[in-house]
Amino acid sequence: NKKTEPFDADEYIERLAWRTPGGGSKGGAEAFDPKRLLEEFENHIEELKQLDEKIQRRVEKLEHQCHREAKEFAHKVQDLQRSNQVAFQHFQELDEHISYVATKVCHLGDQLEGVNTPRQRAVEAQRLMTYFNEFLDGDLRSDVFNNPEKVMIHILPSALIIFNRRYPLWFADVKAKIASKYHDLERQLIQEFTAGQRRGEIGRMREVAAVLLHFKGYAHCVDVYIKQCQEGAYMRSDVFEDTALLCQRVNKQVGEVFQSPETVMAKLIQNIFENKLQYFCYNTGDQVFDCTGPLIPHTLRTTALASKLTEFNLGSDKHTFLSKLIKNIFSTYLESYIEMEKDYLRTRSAVILQRYYDSKNHQKRPLGGGSIQELKERIRQRTNLPLGPSIDTHGETFLSQEVVVNLLQETRHAFERCNRLSDPSDLPKNAFSIFLLLVEHLCVDHMDYALEIGLSAIPSADAKNANLYFLDVVQQANTIFHLFDKQFNDHLMPLISSSPKLTECLHKKKEVIEQMEVKLDTGIDRTLNCMVGQMKHILATEQKKTDFRPEDENNVMIQCTAACSKVCVYVSRQVERVRKSMDGKNVDTVLTELGVRFHRLIHEHLQQYSYSSMGGMLAICDVAEYRKSAKDFRVPLVLQLFDTLHALCNLLVVAPDNLKQVCSGEQLTNLDRNLLHAFVQLRVDYRQARLGRHFS
């Protein structure tokens with residue numbers, strides 16, 4: 001079977017039986033014949049045995065053939081290995097022979113050099129003596145001195161050196177002639193170089209530069225080239241762009257002319273920085289070099305230009321080289337940069353703050369003085385004593401997000417300038433100085449002042465119809481805290497993260513925030529007192545004694561009292577204000593405190609009245625309504641407190657015989673017996689029904 005499916009013996013036998021006449025299991029045209037099926041199976045088994053023997057013989061034949069070919073292949077591999085070994089031996093012999101020949105050649109070269117060097121020196125000495133003799137006679141006949149194409153200026157200083165050493169006092173006249181000729185030839189070569197530069201003859205420039213390479217005329221040649229290549233290069237007002245284009249154009253030519261192009265390019269760029277750029281930066285109009293003048297843009301553009309110039313070959317340490325050039329240009333101003341920055345930032349911050357207070361027609365009050373009025377104010381802030389009326393701010397928080405954004409933006413620019421202009425060793429210290437100014441103007445002059453004013457504006461707890469604006473102060477302060485923290489992390493941290501100043505900054509930030517949080521906590525506490533005072537005022541004016549002891553017990557609508565409705569409306573409004581003013585866990589913390597005080601007020605308020613049976617039902621209605629308001633707090637503790645209070649109020653209406661059972665209920669069993677007794681005493685029928693016996 002040529003199919004790829006695996007062989008299934010059961011299926012094969014079943015198919016064989018089905019094809020055999022009389023072998024089917026389900027009958028058919030012929031009845032089932034077991035003998036015939038057995039005979040068919042025996043015949044087929046015999047065929048399979050014969051097929052197996054045939055296949056076995058074929059397998060043995062193939063295995064024998066495989067073994068024979070493996071032996072032949074092994075013999076071939078052995079022959080190849082022997083051939084490779086012979087070739088390797090030949091290669092080693094050849095390598096040894098080559099090494100021997102190379103040694104002989106090197107030895108022969110050394111011998112030839114030993115013979116040629118003295119000969120070459122003798123030839124040079126003879127030539128030098130010939131030239132010297134011409135100077136002695138005063139008749140310069142050699143082409144070296146008369147043919148500009150064959151000038152060899154290096155011979156003249158060599159002659160001067162030799163005769164200075166051997167004959168320091170003799171031939172003074174000859175020495176003077178040689179020196180004079182040297183200077184004449186040097187001048188002629190530099191003139192030739194200049195003419196070649198103007199004509200654009202790169203080959204001639206390269207030849208002359210090669211002659212002057214090792215002598216003092218070479219430096220003058222480079223200076224002439226640098227001066228001449230700048231002629232006509234600065235025709236526009238953008239000196240930075242002109243410099244980039246000039247260096248791009250000259251770079252290729254320098255590589256073709258000079259043997260040390262990196263030195264020439266470095267000298268060209270140094271010349272441009274110390275002359276063109278420095279003059280441009282110091283003579284751009286009447287602007288003064290400060291944080292608003294051209295210092296910053298010029299520094300940034302110079303730095304950008306230096307980045308472009310790093311693509312040229314300026315030596316091994318081109319980044320340090322360019323940094324020094326930039327520093328040399330602006331060093332006078334960069335040394336006092338941080339003082340200019342601080343003065344500028346103080347001025348700008350003061351202007352921003354003053355402009356804001358002027359727009360509010362507000363004259364800043366001096367805080368922290370020693371006047372009697374301020375002493376009263378501080379005592380009033382920390383207590384609930386009525387020491388005179390609070391300051392009326394007419395709802396103004398004296399916190400401005402626009403002012404904060406402007407101050408942070410000025411500080412952000414200052415951090416960016418600090419990063420670019422400060423020496424790396426001074427960067428953390430300078431950044432910390434800027435941060436202290438931000439703390440001074442944003443946190444102290446603006447935020448702390450607004451908190452002090454806000455605290456002064458909080459009315460006393462017994463004030464009527466008080467407008468509580470301090471929560472607006474809290475809301476804006478939270479927003480400012482987030483902006484302040486974002487700038488601290490985004491712009492200050494990268495500048496100080498790897499320096500000891502990080503610890504100082506974090507400590508200062510923590511100290512400032514904690515100081516303001518203390519004032520915020522104080523203001524929130526006193527605001528909550530005012531809220532509770534307002535609820536107390538509503539209850540005192542709206543709640544009547546007859547609310548819980550109606551004259552006609554049979555004609556009373558079971559609903560909450562008017563005082564309860566007004567308190568609940570007021571509470572819901574204050575809860576919503578707290579949610580808008582706070583964020584995060586602060587919401588739950590403040591609402592928990594407000595809810596506990598709200599519960600305490602209602603608890604104490606209910607204990608001021610005596611209750612008839614129907615009045616107790618009305619009290620339960622009130623507490624149920626208070627409990628609905630408590631759900632708005634979304635604080636489990638507050639809801640639990642009002643659940644317990646609701647259970648206590650059930651003691652006002654329960655039948656006397658069931659009092660003991662109710663007091664043992666799930667919500668009241670853990671309460672103090674005296675508290676339960678106190679509530680039962682509020683019932684009108686307390687003495688008549690002798691209810692006190694249940695608590696004896």
# chains A, B, ... in the order shown; residues from 1 in each chain; ligands from 1

call {"tool": "residues_around", "arguments": {"residues": "Thr479 of chain A", "least_positions_apart": "5", "cutoff": "9 Å", "atoms": "only C-alpha atoms", "output": "list in words"}}
result
Gln401, Val474 and Phe484 of chain A

call {"tool": "write_last_selection", "arguments": {"atoms": "C-alpha atoms", "output": "mmCIF file, in the first residue's frame"}}
result
data_model
loop_
_atom_site.group_PDB
_atom_site.id
_atom_site.type_symbol
_atom_site.label_atom_id
_atom_site.label_comp_id
_atom_site.auth_asym_id
_atom_site.auth_seq_id
_atom_site.Cartn_x
_atom_site.Cartn_y
_atom_site.Cartn_z
ATOM 1 C CA GLN A 401 -3.621 79.568 39.028
ATOM 2 C CA VAL A 474 -8.018 74.260 49.986
ATOM 3 C CA PHE A 484 4.671 72.498 42.247
#

call {"tool": "residues_around", "arguments": {"residues": "Ala450 of chain A", "least_positions_apart": "5", "cutoff": "7 Å", "atoms": "only C-alpha atoms", "output": "PyMOL selection string"}}
result
chain A and resi 397-399

call {"tool": "write_last_selection", "arguments": {"atoms": "N, CA, C and O atoms", "output": "mmCIF file, in the first residue's frame"}}
result
data_model
loop_
_atom_site.group_PDB
_atom_site.id
_atom_site.type_symbol
_atom_site.label_atom_id
_atom_site.label_comp_id
_atom_site.auth_asym_id
_atom_site.auth_seq_id
_atom_site.Cartn_x
_atom_site.Cartn_y
_atom_site.Cartn_z
ATOM 1 N N THR A 397 -10.046 84.155 47.296
ATOM 2 C CA THR A 397 -9.082 83.237 47.919
ATOM 3 C C THR A 397 -7.665 83.785 47.910
ATOM 4 O O THR A 397 -6.801 83.294 48.641
ATOM 5 N N PHE A 398 -7.406 84.759 47.020
ATOM 6 C CA PHE A 398 -6.057 85.315 46.833
ATOM 7 C C PHE A 398 -5.065 84.242 46.399
ATOM 8 O O PHE A 398 -3.867 84.354 46.655
ATOM 9 N N LEU A 399 -5.594 83.242 45.729
ATOM 10 C CA LEU A 399 -4.758 82.252 45.044
ATOM 11 C C LEU A 399 -5.136 82.279 43.571
ATOM 12 O O LEU A 399 -6.320 82.196 43.237
#

call {"tool": "closest_residue", "arguments": {"among": "A:Phe598, A:Tyr337, A:Tyr686, A:Tyr100", "to": "Cys418 of chain A", "atoms": "only C-alpha atoms"}}
result
A:Tyr337

call {"tool": "atom_distance", "arguments": {"atom1": "atom CA of Asp8 of chain A", "atom2": "atom CA of Ile45 of chain A"}}
result
16.1 Å

call {"tool": "closest_residue", "arguments": {"among": "A:His44, A:Lys276, A:Lys308, A:Lys509", "to": "Gln248 of chain A", "atoms": "only C-alpha atoms"}}
result
A:Lys308

call {"tool": "residues_around", "arguments": {"residues": "segment 603-614 of chain A", "least_positions_apart": "2", "cutoff": "10 Å", "atoms": "only C-alpha atoms", "output": "PyMOL selection string"}}
result
chain A and resi 536+539-540+543-558+597-601+616-620+622-623+641-642+645+648-649+652-655+678-686

call {"tool": "select_by_dssp", "arguments": {"residues": "segment 468-558 of chain A", "states": "alpha helix (DSSP H)", "output": "VMD selection string"}}
result
chain A and resid 470 to 487 493 to 496 501 to 542

call {"tool": "residues_around", "arguments": {"residues": "Gln476 of chain A", "least_positions_apart": "5", "cutoff": "12 Å", "atoms": "only C-alpha atoms", "output": "tab-separated table (two decimals) with all heavy atoms, in the first residue's frame"}}
result
chain	number	residue	atom	x	y	z
A	396	GLU	N	-12.89	86.08	48.01
A	396	GLU	CA	-11.63	86.01	47.27
A	396	GLU	C	-10.63	85.11	48.02
A	396	GLU	O	-10.40	85.28	49.21
A	396	GLU	CB	-11.04	87.42	47.10
A	396	GLU	CG	-9.74	87.45	46.35
A	396	GLU	CD	-9.89	86.88	44.95
A	396	GLU	OE1	-10.73	87.40	44.19
A	396	GLU	OE2	-9.17	85.91	44.65
A	397	THR	N	-10.05	84.16	47.30
A	397	THR	CA	-9.08	83.24	47.92
A	397	THR	C	-7.66	83.78	47.91
A	397	THR	O	-6.80	83.29	48.64
A	397	THR	CB	-9.08	81.89	47.19
A	397	THR	OG1	-8.64	82.09	45.83
A	397	THR	CG2	-10.47	81.27	47.18
A	398	PHE	N	-7.41	84.76	47.02
A	398	PHE	CA	-6.06	85.31	46.83
A	398	PHE	C	-5.07	84.24	46.40
A	398	PHE	O	-3.87	84.35	46.65
A	398	PHE	CB	-5.56	86.03	48.10
A	398	PHE	CG	-6.32	87.29	48.38
A	398	PHE	CD1	-7.28	87.33	49.39
A	398	PHE	CD2	-6.13	88.42	47.61
A	398	PHE	CE1	-8.01	88.48	49.63
A	398	PHE	CE2	-6.85	89.58	47.85
A	398	PHE	CZ	-7.78	89.62	48.86
A	399	LEU	N	-5.59	83.24	45.73
A	399	LEU	CA	-4.76	82.25	45.04
A	399	LEU	C	-5.14	82.28	43.57
A	399	LEU	O	-6.32	82.20	43.24
A	399	LEU	CB	-4.98	80.85	45.61
A	399	LEU	CG	-4.32	80.52	46.94
A	399	LEU	CD1	-4.74	79.14	47.42
A	399	LEU	CD2	-2.80	80.60	46.84
A	400	SER	N	-4.14	82.39	42.71
A	400	SER	CA	-4.41	82.49	41.28
A	400	SER	C	-3.61	81.42	40.54
A	400	SER	O	-2.38	81.37	40.64
A	400	SER	CB	-4.02	83.87	40.75
A	400	SER	OG	-4.01	83.89	39.34
A	401	GLN	N	-4.32	80.59	39.81
A	401	GLN	CA	-3.62	79.57	39.03
A	401	GLN	C	-2.80	80.21	37.92
A	401	GLN	O	-1.73	79.70	37.56
A	401	GLN	CB	-4.63	78.58	38.44
A	401	GLN	CG	-3.99	77.35	37.83
A	401	GLN	CD	-4.99	76.24	37.56
A	401	GLN	OE1	-6.08	76.24	38.12
A	401	GLN	NE2	-4.64	75.31	36.71
A	402	GLU	N	-3.27	81.33	37.40
A	402	GLU	CA	-2.50	82.03	36.36
A	402	GLU	C	-1.18	82.53	36.92
A	402	GLU	O	-0.12	82.41	36.29
A	402	GLU	CB	-3.32	83.20	35.82
A	402	GLU	CG	-2.58	83.99	34.73
A	402	GLU	CD	-3.39	85.17	34.22
A	402	GLU	OE1	-4.53	85.35	34.69
A	402	GLU	OE2	-2.87	85.91	33.37
A	403	VAL	N	-1.21	83.08	38.14
A	403	VAL	CA	0.02	83.54	38.78
A	403	VAL	C	0.96	82.36	39.00
A	403	VAL	O	2.17	82.44	38.75
A	403	VAL	CB	-0.30	84.22	40.13
A	403	VAL	CG1	0.97	84.45	40.93
A	403	VAL	CG2	-1.01	85.54	39.88
A	404	VAL	N	0.40	81.26	39.48
A	404	VAL	CA	1.23	80.07	39.74
A	404	VAL	C	1.87	79.57	38.46
A	404	VAL	O	3.07	79.26	38.43
A	404	VAL	CB	0.37	78.96	40.38
A	404	VAL	CG1	1.17	77.67	40.50
A	404	VAL	CG2	-0.12	79.40	41.75
A	446	HIS	N	3.03	83.83	48.01
A	446	HIS	CA	1.69	83.69	47.41
A	446	HIS	C	0.81	82.71	48.20
A	446	HIS	O	-0.25	83.09	48.71
A	446	HIS	CB	1.82	83.23	45.96
A	446	HIS	CG	0.53	83.29	45.21
A	446	HIS	ND1	-0.22	84.43	45.10
A	446	HIS	CD2	-0.17	82.32	44.54
A	446	HIS	CE1	-1.31	84.19	44.39
A	446	HIS	NE2	-1.30	82.91	44.04
A	447	MET	N	1.26	81.47	48.32
A	447	MET	CA	0.41	80.45	48.96
A	447	MET	C	0.26	80.68	50.46
A	447	MET	O	-0.85	80.68	51.00
A	447	MET	CB	0.97	79.06	48.69
A	447	MET	CG	0.82	78.59	47.26
A	447	MET	SD	1.33	76.86	47.07
A	447	MET	CE	0.06	76.04	48.03
A	450	ALA	N	-1.90	83.59	51.18
A	450	ALA	CA	-3.32	83.30	50.95
A	450	ALA	C	-3.89	82.45	52.08
A	450	ALA	O	-5.04	82.64	52.49
A	450	ALA	CB	-3.50	82.60	49.60
A	451	LEU	N	-3.10	81.51	52.59
A	451	LEU	CA	-3.57	80.68	53.70
A	451	LEU	C	-3.79	81.52	54.95
A	451	LEU	O	-4.77	81.32	55.68
A	451	LEU	CB	-2.58	79.55	53.98
A	451	LEU	CG	-2.45	78.47	52.89
A	451	LEU	CD1	-1.40	77.45	53.29
A	451	LEU	CD2	-3.78	77.79	52.66
A	454	GLY	N	-6.87	83.44	54.38
A	454	GLY	CA	-8.01	82.53	54.46
A	454	GLY	C	-8.36	82.16	55.89
A	454	GLY	O	-9.54	82.09	56.26
A	469	TYR	N	-15.37	80.25	52.75
A	469	TYR	CA	-14.57	80.25	51.53
A	469	TYR	C	-13.26	79.48	51.68
A	469	TYR	O	-12.53	79.32	50.70
A	469	TYR	CB	-14.24	81.70	51.13
A	469	TYR	CG	-15.45	82.51	50.76
A	469	TYR	CD1	-15.85	83.59	51.53
A	469	TYR	CD2	-16.20	82.18	49.62
A	469	TYR	CE1	-16.98	84.34	51.20
A	469	TYR	CE2	-17.32	82.92	49.28
A	469	TYR	CZ	-17.71	84.00	50.07
A	469	TYR	OH	-18.81	84.73	49.73
A	470	PHE	N	-12.96	79.03	52.88
A	470	PHE	CA	-11.65	78.38	53.06
A	470	PHE	C	-11.55	77.09	52.26
A	470	PHE	O	-10.46	76.69	51.85
A	470	PHE	CB	-11.39	78.11	54.54
A	470	PHE	CG	-9.95	77.75	54.81
A	470	PHE	CD1	-8.97	78.73	54.89
A	470	PHE	CD2	-9.57	76.43	54.98
A	470	PHE	CE1	-7.65	78.40	55.11
A	470	PHE	CE2	-8.25	76.09	55.21
A	470	PHE	CZ	-7.29	77.09	55.28
A	471	LEU	N	-12.68	76.43	52.04
A	471	LEU	CA	-12.64	75.20	51.23
A	471	LEU	C	-12.20	75.51	49.79
A	471	LEU	O	-11.56	74.68	49.14
A	471	LEU	CB	-13.99	74.51	51.23
A	471	LEU	CG	-14.39	73.85	52.55
A	471	LEU	CD1	-15.77	73.20	52.42
A	471	LEU	CD2	-13.36	72.81	52.97
A	481	PHE	N	-0.26	72.53	44.69
A	481	PHE	CA	0.67	71.52	45.20
A	481	PHE	C	1.06	70.54	44.08
A	481	PHE	O	2.22	70.17	43.93
A	481	PHE	CB	0.04	70.74	46.36
A	481	PHE	CG	0.18	71.42	47.69
A	481	PHE	CD1	-0.83	71.33	48.64
A	481	PHE	CD2	1.31	72.14	48.00
A	481	PHE	CE1	-0.71	71.95	49.87
A	481	PHE	CE2	1.45	72.76	49.23
A	481	PHE	CZ	0.43	72.68	50.16
A	482	HIS	N	0.07	70.12	43.29
A	482	HIS	CA	0.35	69.18	42.21
A	482	HIS	C	1.27	69.81	41.16
A	482	HIS	O	2.21	69.15	40.67
A	482	HIS	CB	-0.96	68.72	41.56
A	482	HIS	CG	-1.79	67.84	42.43
A	482	HIS	ND1	-1.29	66.74	43.10
A	482	HIS	CD2	-3.11	67.89	42.78
A	482	HIS	CE1	-2.24	66.15	43.79
A	482	HIS	NE2	-3.36	66.83	43.62
A	483	LEU	N	1.01	71.07	40.79
A	483	LEU	CA	1.86	71.75	39.81
A	483	LEU	C	3.27	71.93	40.34
A	483	LEU	O	4.26	71.73	39.61
A	483	LEU	CB	1.25	73.11	39.45
A	483	LEU	CG	-0.11	73.07	38.74
A	483	LEU	CD1	-0.66	74.49	38.56
A	483	LEU	CD2	0.03	72.40	37.37
A	520	LEU	N	-3.48	74.36	56.53
A	520	LEU	CA	-4.67	73.83	55.89
A	520	LEU	C	-5.49	73.00	56.87
A	520	LEU	O	-6.73	73.11	56.90
A	520	LEU	CB	-4.26	72.97	54.69
A	520	LEU	CG	-3.76	73.72	53.45
A	520	LEU	CD1	-3.18	72.75	52.44
A	520	LEU	CD2	-4.87	74.53	52.81
A	580	LYS	N	-15.62	68.48	46.27
A	580	LYS	CA	-15.02	69.29	45.20
A	580	LYS	C	-13.69	69.89	45.63
A	580	LYS	O	-12.82	70.14	44.79
A	580	LYS	CB	-15.99	70.41	44.80
A	580	LYS	CG	-17.22	69.93	44.06
A	580	LYS	CD	-18.11	71.10	43.67
A	580	LYS	CE	-19.33	70.62	42.90
A	580	LYS	NZ	-20.22	71.76	42.52
A	581	SER	N	-13.52	70.13	46.91
A	581	SER	CA	-12.33	70.82	47.40
A	581	SER	C	-11.18	69.89	47.70
A	581	SER	O	-10.02	70.33	47.71
A	581	SER	CB	-12.68	71.62	48.67
A	581	SER	OG	-13.75	72.50	48.43
A	582	MET	N	-11.44	68.62	47.97
A	582	MET	CA	-10.39	67.68	48.37
A	582	MET	C	-10.14	66.67	47.25
A	582	MET	O	-10.87	66.58	46.28
A	582	MET	CB	-10.81	66.93	49.65
A	582	MET	CG	-11.29	67.81	50.78
A	582	MET	SD	-9.93	68.70	51.53
A	582	MET	CE	-10.84	69.80	52.64
A	583	ASP	N	-9.10	65.90	47.45
A	583	ASP	CA	-8.82	64.81	46.53
A	583	ASP	C	-8.19	63.64	47.30
A	583	ASP	O	-7.68	63.81	48.40
A	583	ASP	CB	-7.88	65.24	45.39
A	583	ASP	CG	-6.55	65.76	45.91
A	583	ASP	OD1	-6.34	65.76	47.13
A	583	ASP	OD2	-5.72	66.18	45.09

call {"tool": "atom_distance", "arguments": {"atom1": "atom CA of His362 of chain A", "atom2": "atom CA of Ile480 of chain A"}}
result
21.2 Å

call {"tool": "atom_distance", "arguments": {"atom1": "atom CA of Lys486 of chain A", "atom2": "atom CA of Glu416 of chain A"}}
result
15.4 Å

call {"tool": "residues_around", "arguments": {"residues": "Met265 of chain A", "least_positions_apart": "5", "cutoff": "10 Å", "atoms": "only C-alpha atoms", "output": "PyMOL selection string"}}
result
chain A and resi 222+226+247+250-251+254-255+260+270-271+309+312-315

call {"tool": "write_last_selection", "arguments": {"atoms": "N, CA and C atoms", "output": "PDB file, in the first residue's frame"}}
result
ATOM      1  N   VAL A 222      49.933  78.990   7.512  1.00  0.00           N
ATOM      2  CA  VAL A 222      48.593  78.624   7.979  1.00  0.00           C
ATOM      3  C   VAL A 222      47.792  79.868   8.334  1.00  0.00           C
ATOM      4  N   ILE A 226      44.218  80.990   6.726  1.00  0.00           N
ATOM      5  CA  ILE A 226      43.015  81.206   7.537  1.00  0.00           C
ATOM      6  C   ILE A 226      42.435  82.592   7.291  1.00  0.00           C
ATOM      7  N   CYS A 247      33.167  76.588   7.073  1.00  0.00           N
ATOM      8  CA  CYS A 247      33.900  75.398   7.511  1.00  0.00           C
ATOM      9  C   CYS A 247      33.589  74.201   6.612  1.00  0.00           C
ATOM     10  N   VAL A 250      35.667  74.858   3.354  1.00  0.00           N
ATOM     11  CA  VAL A 250      37.118  74.850   3.508  1.00  0.00           C
ATOM     12  C   VAL A 250      37.638  73.470   3.909  1.00  0.00           C
ATOM     13  N   ASN A 251      36.813  72.668   4.568  1.00  0.00           N
ATOM     14  CA  ASN A 251      37.286  71.404   5.145  1.00  0.00           C
ATOM     15  C   ASN A 251      37.947  70.504   4.094  1.00  0.00           C
ATOM     16  N   VAL A 254      41.361  71.967   2.921  1.00  0.00           N
ATOM     17  CA  VAL A 254      42.405  71.821   3.936  1.00  0.00           C
ATOM     18  C   VAL A 254      42.997  70.419   3.888  1.00  0.00           C
ATOM     19  N   GLY A 255      42.148  69.419   3.700  1.00  0.00           N
ATOM     20  CA  GLY A 255      42.637  68.043   3.617  1.00  0.00           C
ATOM     21  C   GLY A 255      43.525  67.809   2.413  1.00  0.00           C
ATOM     22  N   SER A 260      48.633  68.034   7.943  1.00  0.00           N
ATOM     23  CA  SER A 260      47.950  67.883   9.236  1.00  0.00           C
ATOM     24  C   SER A 260      46.666  68.709   9.203  1.00  0.00           C
ATOM     25  N   GLN A 270      39.181  78.118  15.896  1.00  0.00           N
ATOM     26  CA  GLN A 270      39.586  78.930  17.051  1.00  0.00           C
ATOM     27  C   GLN A 270      39.645  80.405  16.678  1.00  0.00           C
ATOM     28  N   ASN A 271      40.187  80.712  15.486  1.00  0.00           N
ATOM     29  CA  ASN A 271      40.268  82.098  15.011  1.00  0.00           C
ATOM     30  C   ASN A 271      38.878  82.699  14.836  1.00  0.00           C
ATOM     31  N   LEU A 309      30.049  71.537  14.134  1.00  0.00           N
ATOM     32  CA  LEU A 309      31.475  71.483  13.807  1.00  0.00           C
ATOM     33  C   LEU A 309      32.131  70.189  14.259  1.00  0.00           C
ATOM     34  N   PHE A 312      33.696  67.612  11.751  1.00  0.00           N
ATOM     35  CA  PHE A 312      35.013  67.774  11.138  1.00  0.00           C
ATOM     36  C   PHE A 312      36.087  67.160  12.027  1.00  0.00           C
ATOM     37  N   ASN A 313      37.217  66.822  11.403  1.00  0.00           N
ATOM     38  CA  ASN A 313      38.350  66.260  12.139  1.00  0.00           C
ATOM     39  C   ASN A 313      39.129  67.396  12.794  1.00  0.00           C
ATOM     40  N   LEU A 314      38.987  67.503  14.131  1.00  0.00           N
ATOM     41  CA  LEU A 314      39.655  68.574  14.875  1.00  0.00           C
ATOM     42  C   LEU A 314      40.632  68.011  15.901  1.00  0.00           C
ATOM     43  N   GLY A 315      40.978  66.760  15.756  1.00  0.00           N
ATOM     44  CA  GLY A 315      41.853  66.151  16.747  1.00  0.00           C
ATOM     45  C   GLY A 315      41.094  65.131  17.576  1.00  0.00           C
TER      46      GLY A 315
END
